[in-house]
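A.B. asks: Got a structure for you, written out below as structure tokens; questions coming shortly.
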Amino acid sequence: SSPLTIKKDNGQLIPAYHDRPEGEEVAELPVVVISPGYGETKRDYLTLAYYFAGNGFQVVRYDYTNHVGESDGSHYQVSLSSMKEDFQTVTRFVRDTWPHTTLIEVASSLGARVALKAEAERPSVALLVMLMGIVNVQRSVVTVHQEDLFAKYVVGESPDSANFLGFNVGNQFLGDAISN
């Protein structure tokens with residue numbers, strides 16, 4: 001594993017790791033980008049990354065900004081839009097660094113929804129693999145929390161922040177999740 005730092009257009013830094021097969025020239029090897037799920041980090045995917053690297057793939061795994069892990073920004077500022085920008089920044093970095101290789105995305109949970117939305121907006125990968133993908137954020141949150149945080153937000157009944165899957169987030173997250 002080699003550490004990477006990828007810079008977003010807004011100046012925030014996305015910490016990442018590049019994993020690759022030992023002793024092989026990597027320029028032409030396919031690249032798997034691993035996008036973590038909500039509340040997860042690039043370290044949570046070490047075993048999966050090493051599996052891919054051990055089978056002839058390069059891997060780039062990263063932490064979202066404004067999120068847990070080693071990312072820039074406060075978790076309170078997390079949004080699906082910023083997660084989508086991070087995804088697009090990382091895939092653009094991979095394309096610029098290894099322009100002649102196949103790019104594969106493996107995304108988990110809420111990260112899968114972000115990747116799906118990003119790909120619908122601006123296709124960049126040859127294959128998108130969604131692990132336990134969340135398609136309907138509102139329904140998933142109601143199932144977990146046993147209350148509809150989004151409905152409360154829409155009618156103006158939500159506080160300035162909310163517990164979202166174990167993390168305190170600002171109302172901008174709820175509004176962004178509704179529109180994304």
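To be explicit about the labels: the chains of the structure tokens are called A, B, and onward in the order shown, and within each one the residues are counted from 1, while ligands get numbers from 1 in the order they are shown.
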Residues of stretch 26-79 of chain A in alpha helix (DSSP H) according to DSSP, as a list of chain:residue names?

C.D. replies: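 The residues of stretch 26-79 of chain A classed as alpha helix (DSSP H) are A:Leu46, A:Thr47, A:Leu48, A:Ala49, A:Tyr50, A:Tyr51, A:Phe52, A:Ala53, A:Gly54.
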
A.B. asks: Generate a file of the selected residues that holds N, CA and C atoms, formatted as a PDB file, in the first residue's frame.

C.D. replies:
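Listed below is the output, out.pdb:
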```pdb
ATOM      1  N   LEU A  46      -9.389  -2.986   3.494  1.00  0.00           N
ATOM      2  CA  LEU A  46      -8.031  -3.495   3.288  1.00  0.00           C
ATOM      3  C   LEU A  46      -8.046  -4.927   2.747  1.00  0.00           C
ATOM      4  N   THR A  47      -8.834  -5.798   3.341  1.00  0.00           N
ATOM      5  CA  THR A  47      -8.882  -7.195   2.907  1.00  0.00           C
ATOM      6  C   THR A  47      -9.359  -7.303   1.466  1.00  0.00           C
ATOM      7  N   LEU A  48     -10.422  -6.572   1.122  1.00  0.00           N
ATOM      8  CA  LEU A  48     -10.932  -6.591  -0.250  1.00  0.00           C
ATOM      9  C   LEU A  48      -9.888  -6.031  -1.221  1.00  0.00           C
ATOM     10  N   ALA A  49      -9.240  -4.948  -0.833  1.00  0.00           N
ATOM     11  CA  ALA A  49      -8.206  -4.345  -1.689  1.00  0.00           C
ATOM     12  C   ALA A  49      -7.070  -5.328  -1.934  1.00  0.00           C
ATOM     13  N   TYR A  50      -6.624  -6.011  -0.896  1.00  0.00           N
ATOM     14  CA  TYR A  50      -5.534  -6.972  -1.056  1.00  0.00           C
ATOM     15  C   TYR A  50      -5.967  -8.175  -1.893  1.00  0.00           C
ATOM     16  N   TYR A  51      -7.231  -8.552  -1.795  1.00  0.00           N
ATOM     17  CA  TYR A  51      -7.738  -9.630  -2.639  1.00  0.00           C
ATOM     18  C   TYR A  51      -7.631  -9.220  -4.113  1.00  0.00           C
ATOM     19  N   PHE A  52      -8.104  -8.020  -4.432  1.00  0.00           N
ATOM     20  CA  PHE A  52      -8.009  -7.544  -5.817  1.00  0.00           C
ATOM     21  C   PHE A  52      -6.551  -7.438  -6.257  1.00  0.00           C
ATOM     22  N   ALA A  53      -5.703  -6.844  -5.430  1.00  0.00           N
ATOM     23  CA  ALA A  53      -4.287  -6.684  -5.792  1.00  0.00           C
ATOM     24  C   ALA A  53      -3.617  -8.039  -5.988  1.00  0.00           C
ATOM     25  N   GLY A  54      -3.974  -9.010  -5.160  1.00  0.00           N
ATOM     26  CA  GLY A  54      -3.416 -10.343  -5.285  1.00  0.00           C
ATOM     27  C   GLY A  54      -3.884 -11.079  -6.537  1.00  0.00           C
TER      28      GLY A  54
END
```

A.B. asks: Find the spatial neighbours of A:Ala115, counting only C-alpha atoms, within a cut-off of 7 Å - ignore same-chain residues fewer than 4 positions away - and output them as a PDB file with N, CA, C and O atoms, in the first residue's frame.

C.D. replies:
```pdb
ATOM      1  N   LYS A  84     -20.379  12.684  -3.708  1.00  0.00           N
ATOM      2  CA  LYS A  84     -20.375  12.504  -5.167  1.00  0.00           C
ATOM      3  C   LYS A  84     -19.190  13.250  -5.788  1.00  0.00           C
ATOM      4  O   LYS A  84     -18.519  12.718  -6.672  1.00  0.00           O
ATOM      5  N   PHE A  87     -16.120  11.166  -5.195  1.00  0.00           N
ATOM      6  CA  PHE A  87     -16.103  10.040  -6.134  1.00  0.00           C
ATOM      7  C   PHE A  87     -15.612  10.505  -7.504  1.00  0.00           C
ATOM      8  O   PHE A  87     -14.731   9.885  -8.108  1.00  0.00           O
ATOM      9  N   ALA A 107     -18.538  -0.048  -4.820  1.00  0.00           N
ATOM     10  CA  ALA A 107     -19.065   0.903  -3.850  1.00  0.00           C
ATOM     11  C   ALA A 107     -20.045   0.202  -2.921  1.00  0.00           C
ATOM     12  O   ALA A 107     -20.814  -0.654  -3.347  1.00  0.00           O
ATOM     13  N   GLY A 111     -22.470   4.719  -0.223  1.00  0.00           N
ATOM     14  CA  GLY A 111     -21.472   5.017  -1.244  1.00  0.00           C
ATOM     15  C   GLY A 111     -21.875   4.482  -2.607  1.00  0.00           C
ATOM     16  O   GLY A 111     -21.528   5.052  -3.649  1.00  0.00           O
ATOM     17  N   GLU A 119     -22.339   8.305 -11.732  1.00  0.00           N
ATOM     18  CA  GLU A 119     -22.223   7.659 -13.046  1.00  0.00           C
ATOM     19  C   GLU A 119     -23.366   8.054 -13.968  1.00  0.00           C
ATOM     20  O   GLU A 119     -23.177   8.165 -15.173  1.00  0.00           O
TER      21      GLU A 119
END
```

A.B. asks: For a quick check of understanding, using only C-alpha atoms, which of A:Gly175, A:Pro3, A:Gly133, A:Pro30 has the smallest distance to A:Gly56?

C.D. replies: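 Selected residue with least distance to A:Gly56: A:Pro30.
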
A.B. asks: Give me the residues within 10 Å of A:Leu127 as number ranges by chain, counting only C-alpha atoms and dropping any in the same chain fewer than 6 places off.

C.D. replies: A: 32, 102-106

A.B. asks: Selection from above, C-alpha atoms, as a JSON list (two decimals), in the first residue's frame, can you write it?

C.D. replies:
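Result went into part.json, see below:
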```
[["chain", "number", "residue", "atom", "x", "y", "z"],
["A", 32, "VAL", "CA", -10.56, -0.91, -8.93],
["A", 102, "THR", "CA", -9.97, -0.19, -17.38],
["A", 103, "LEU", "CA", -11.63, 1.51, -14.40],
["A", 104, "ILE", "CA", -13.92, -0.54, -12.15],
["A", 105, "GLU", "CA", -15.87, 0.87, -9.20],
["A", 106, "VAL", "CA", -16.80, -1.13, -6.11]]
```

A.B. asks: At what distance in Å, to one decimal, does atom CA of A:Leu110 lie from atom CA of A:Gly37?

C.D. replies: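 Answer for the atom CA of A:Gly37 to atom CA of A:Leu110 separation: 5.4 Å.
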
A.B. asks: With DSSP run on the backbone, what are the strand (DSSP E) residues within chain A? I'd like them as a PyMOL selection string.

C.D. replies: chain A and resi 2-7+13-19+31-35+58-62+103-108+127-131+161-164+167-170

A.B. asks: Calculate how many Å separate atom CA of A:Ser82 from atom CA of A:Leu29, rounding to one decimal.

C.D. replies: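 Straight-line distance from atom CA of A:Ser82 to atom CA of A:Leu29 works out to 28.9 Å.
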
A.B. asks: Would you mind telling me which residue in A:Ser140, A:Thr97, A:Gln88, A:Thr41 lies nearest to A:Ala118 when using only C-alpha atoms?

C.D. replies: A:Gln88

A.B. asks: Measuring between only C-alpha atoms, which one of A:Met130, A:Val125, A:Ala16, A:Ala177 shows the shortest distance to A:Asp86?

C.D. replies: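 Selected residue with least distance to A:Asp86: A:Ala16.
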
A.B. asks: Counting only C-alpha atoms, what is within 10 Å of A:Ala27, bar same-chain residues fewer than 3 positions away, as a count of residues only?

C.D. replies: 9

A.B. asks: What does the structure give for the distance between atom CA of A:Lys42 and atom CA of A:Leu128, in Å to one decimal?

C.D. replies: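 Here the two named atoms are 17.7 Å from each other.
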
A.B. asks: Under the rule that only C-alpha atoms are counted, which of A:Arg95, A:Arg139, A:Arg113, A:His18 is the nearest residue to A:Ala151?

C.D. replies: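 The closest residue to A:Ala151 is A:Arg139.
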
A.B. asks: A:Ser109: which residues within 12 Å, counting only C-alpha atoms, same-chain residues fewer than 6 positions away excluded, as a ChimeraX atom specification?

C.D. replies: /A:34-40,115-116,129-137,140,165

A.B. asks: How would the residues just picked look written out with all heavy atoms as a tab-separated table (two decimals), in the first residue's frame?

C.D. replies:
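This went into result.tsv:
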```
chain	number	residue	atom	x	y	z
A	34	ILE	N	-12.38	1.69	-4.73
A	34	ILE	CA	-13.29	1.25	-3.68
A	34	ILE	C	-13.79	2.48	-2.93
A	34	ILE	O	-13.01	3.20	-2.33
A	34	ILE	CB	-12.60	0.26	-2.71
A	34	ILE	CG1	-12.14	-0.99	-3.45
A	34	ILE	CG2	-13.56	-0.09	-1.57
A	34	ILE	CD1	-11.40	-2.00	-2.59
A	35	SER	N	-15.11	2.68	-3.01
A	35	SER	CA	-15.77	3.76	-2.28
A	35	SER	C	-16.42	3.18	-1.03
A	35	SER	O	-17.29	2.30	-1.15
A	35	SER	CB	-16.83	4.43	-3.15
A	35	SER	OG	-16.26	5.04	-4.27
A	36	PRO	N	-16.03	3.65	0.14
A	36	PRO	CA	-16.58	3.08	1.37
A	36	PRO	C	-18.05	3.45	1.57
A	36	PRO	O	-18.55	4.41	0.98
A	36	PRO	CB	-15.71	3.69	2.46
A	36	PRO	CG	-15.19	4.96	1.88
A	36	PRO	CD	-15.07	4.72	0.40
A	37	GLY	N	-18.69	2.71	2.42
A	37	GLY	CA	-20.05	3.04	2.82
A	37	GLY	C	-20.04	4.17	3.84
A	37	GLY	O	-19.00	4.57	4.35
A	38	TYR	N	-21.22	4.65	4.15
A	38	TYR	CA	-21.36	5.72	5.15
A	38	TYR	C	-20.86	5.21	6.49
A	38	TYR	O	-21.20	4.12	6.93
A	38	TYR	CB	-22.83	6.12	5.24
A	38	TYR	CG	-23.08	7.27	6.17
A	38	TYR	CD1	-22.86	8.58	5.76
A	38	TYR	CD2	-23.51	7.06	7.47
A	38	TYR	CE1	-23.07	9.65	6.60
A	38	TYR	CE2	-23.74	8.11	8.32
A	38	TYR	CZ	-23.52	9.41	7.89
A	38	TYR	OH	-23.73	10.46	8.74
A	39	GLY	N	-20.01	6.00	7.15
A	39	GLY	CA	-19.46	5.61	8.44
A	39	GLY	C	-18.30	4.65	8.35
A	39	GLY	O	-17.81	4.15	9.36
A	40	GLU	N	-17.83	4.38	7.13
A	40	GLU	CA	-16.70	3.49	6.93
A	40	GLU	C	-15.54	4.27	6.32
A	40	GLU	O	-15.73	5.36	5.79
A	40	GLU	CB	-17.09	2.34	6.00
A	40	GLU	CG	-18.20	1.47	6.55
A	40	GLU	CD	-18.66	0.41	5.57
A	40	GLU	OE1	-18.62	0.65	4.35
A	40	GLU	OE2	-19.08	-0.65	6.04
A	115	ALA	N	-22.20	6.62	-6.02
A	115	ALA	CA	-21.53	6.21	-7.26
A	115	ALA	C	-22.54	6.09	-8.40
A	115	ALA	O	-22.26	6.52	-9.53
A	115	ALA	CB	-20.79	4.90	-7.05
A	116	LEU	N	-23.70	5.52	-8.12
A	116	LEU	CA	-24.74	5.38	-9.15
A	116	LEU	C	-25.19	6.74	-9.66
A	116	LEU	O	-25.30	6.96	-10.87
A	116	LEU	CB	-25.92	4.60	-8.58
A	116	LEU	CG	-27.05	4.27	-9.54
A	116	LEU	CD1	-26.55	3.38	-10.67
A	116	LEU	CD2	-28.19	3.58	-8.78
A	129	VAL	N	-19.89	-2.01	-9.40
A	129	VAL	CA	-20.34	-3.09	-8.54
A	129	VAL	C	-20.84	-2.45	-7.25
A	129	VAL	O	-20.09	-1.77	-6.56
A	129	VAL	CB	-19.20	-4.09	-8.23
A	129	VAL	CG1	-19.69	-5.19	-7.29
A	129	VAL	CG2	-18.62	-4.65	-9.51
A	130	MET	N	-22.12	-2.66	-6.95
A	130	MET	CA	-22.73	-2.08	-5.76
A	130	MET	C	-22.90	-3.18	-4.71
A	130	MET	O	-23.60	-4.16	-4.94
A	130	MET	CB	-24.08	-1.46	-6.11
A	130	MET	CG	-23.94	-0.29	-7.07
A	130	MET	SD	-25.49	0.38	-7.73
A	130	MET	CE	-26.55	0.50	-6.34
A	131	LEU	N	-22.24	-3.00	-3.56
A	131	LEU	CA	-22.35	-3.95	-2.46
A	131	LEU	C	-23.36	-3.40	-1.45
A	131	LEU	O	-23.16	-2.33	-0.90
A	131	LEU	CB	-21.00	-4.13	-1.76
A	131	LEU	CG	-19.82	-4.54	-2.64
A	131	LEU	CD1	-18.54	-4.55	-1.83
A	131	LEU	CD2	-20.08	-5.90	-3.27
A	132	MET	N	-24.44	-4.12	-1.25
A	132	MET	CA	-25.48	-3.69	-0.31
A	132	MET	C	-25.92	-2.25	-0.60
A	132	MET	O	-26.01	-1.43	0.30
A	132	MET	CB	-25.01	-3.82	1.14
A	132	MET	CG	-24.64	-5.22	1.53
A	132	MET	SD	-23.91	-5.35	3.15
A	132	MET	CE	-22.42	-4.40	3.01
A	133	GLY	N	-26.13	-1.95	-1.86
A	133	GLY	CA	-26.45	-0.60	-2.27
A	133	GLY	C	-27.76	-0.08	-1.70
A	133	GLY	O	-28.76	-0.80	-1.66
A	134	ILE	N	-27.73	1.15	-1.24
A	134	ILE	CA	-28.94	1.83	-0.78
A	134	ILE	C	-29.46	2.64	-1.95
A	134	ILE	O	-28.78	3.53	-2.45
A	134	ILE	CB	-28.65	2.75	0.42
A	134	ILE	CG1	-28.28	1.90	1.63
A	134	ILE	CG2	-29.85	3.63	0.72
A	134	ILE	CD1	-27.90	2.70	2.86
A	135	VAL	N	-30.65	2.30	-2.41
A	135	VAL	CA	-31.25	3.03	-3.52
A	135	VAL	C	-32.23	4.06	-3.00
A	135	VAL	O	-32.24	5.20	-3.43
A	135	VAL	CB	-31.93	2.05	-4.51
A	135	VAL	CG1	-32.61	2.80	-5.63
A	135	VAL	CG2	-30.91	1.07	-5.07
A	136	ASN	N	-33.05	3.69	-2.03
A	136	ASN	CA	-34.03	4.60	-1.45
A	136	ASN	C	-33.54	5.00	-0.06
A	136	ASN	O	-33.74	4.26	0.91
A	136	ASN	CB	-35.40	3.92	-1.39
A	136	ASN	CG	-36.49	4.86	-0.93
A	136	ASN	OD1	-36.28	5.71	-0.06
A	136	ASN	ND2	-37.68	4.69	-1.49
A	137	VAL	N	-32.90	6.16	0.04
A	137	VAL	CA	-32.30	6.60	1.30
A	137	VAL	C	-33.38	6.78	2.37
A	137	VAL	O	-33.21	6.34	3.51
A	137	VAL	CB	-31.51	7.92	1.11
A	137	VAL	CG1	-30.94	8.40	2.43
A	137	VAL	CG2	-30.40	7.73	0.09
A	140	SER	N	-34.60	3.45	3.75
A	140	SER	CA	-33.54	2.81	4.54
A	140	SER	C	-33.41	3.47	5.90
A	140	SER	O	-33.27	2.78	6.92
A	140	SER	CB	-32.20	2.88	3.80
A	140	SER	OG	-32.28	2.16	2.58
A	165	LEU	N	-27.69	7.36	11.20
A	165	LEU	CA	-26.94	6.12	11.25
A	165	LEU	C	-25.75	6.18	12.21
A	165	LEU	O	-24.66	5.71	11.92
A	165	LEU	CB	-26.48	5.71	9.84
A	165	LEU	CG	-27.60	5.55	8.82
A	165	LEU	CD1	-27.03	5.27	7.44
A	165	LEU	CD2	-28.57	4.46	9.22
```

A.B. asks: Nearest residue to A:Thr91 out of A:Gln172, A:Leu149, A:Ser124, A:Val59, using only C-alpha atoms?

C.D. replies: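 Closest candidate: A:Ser124.
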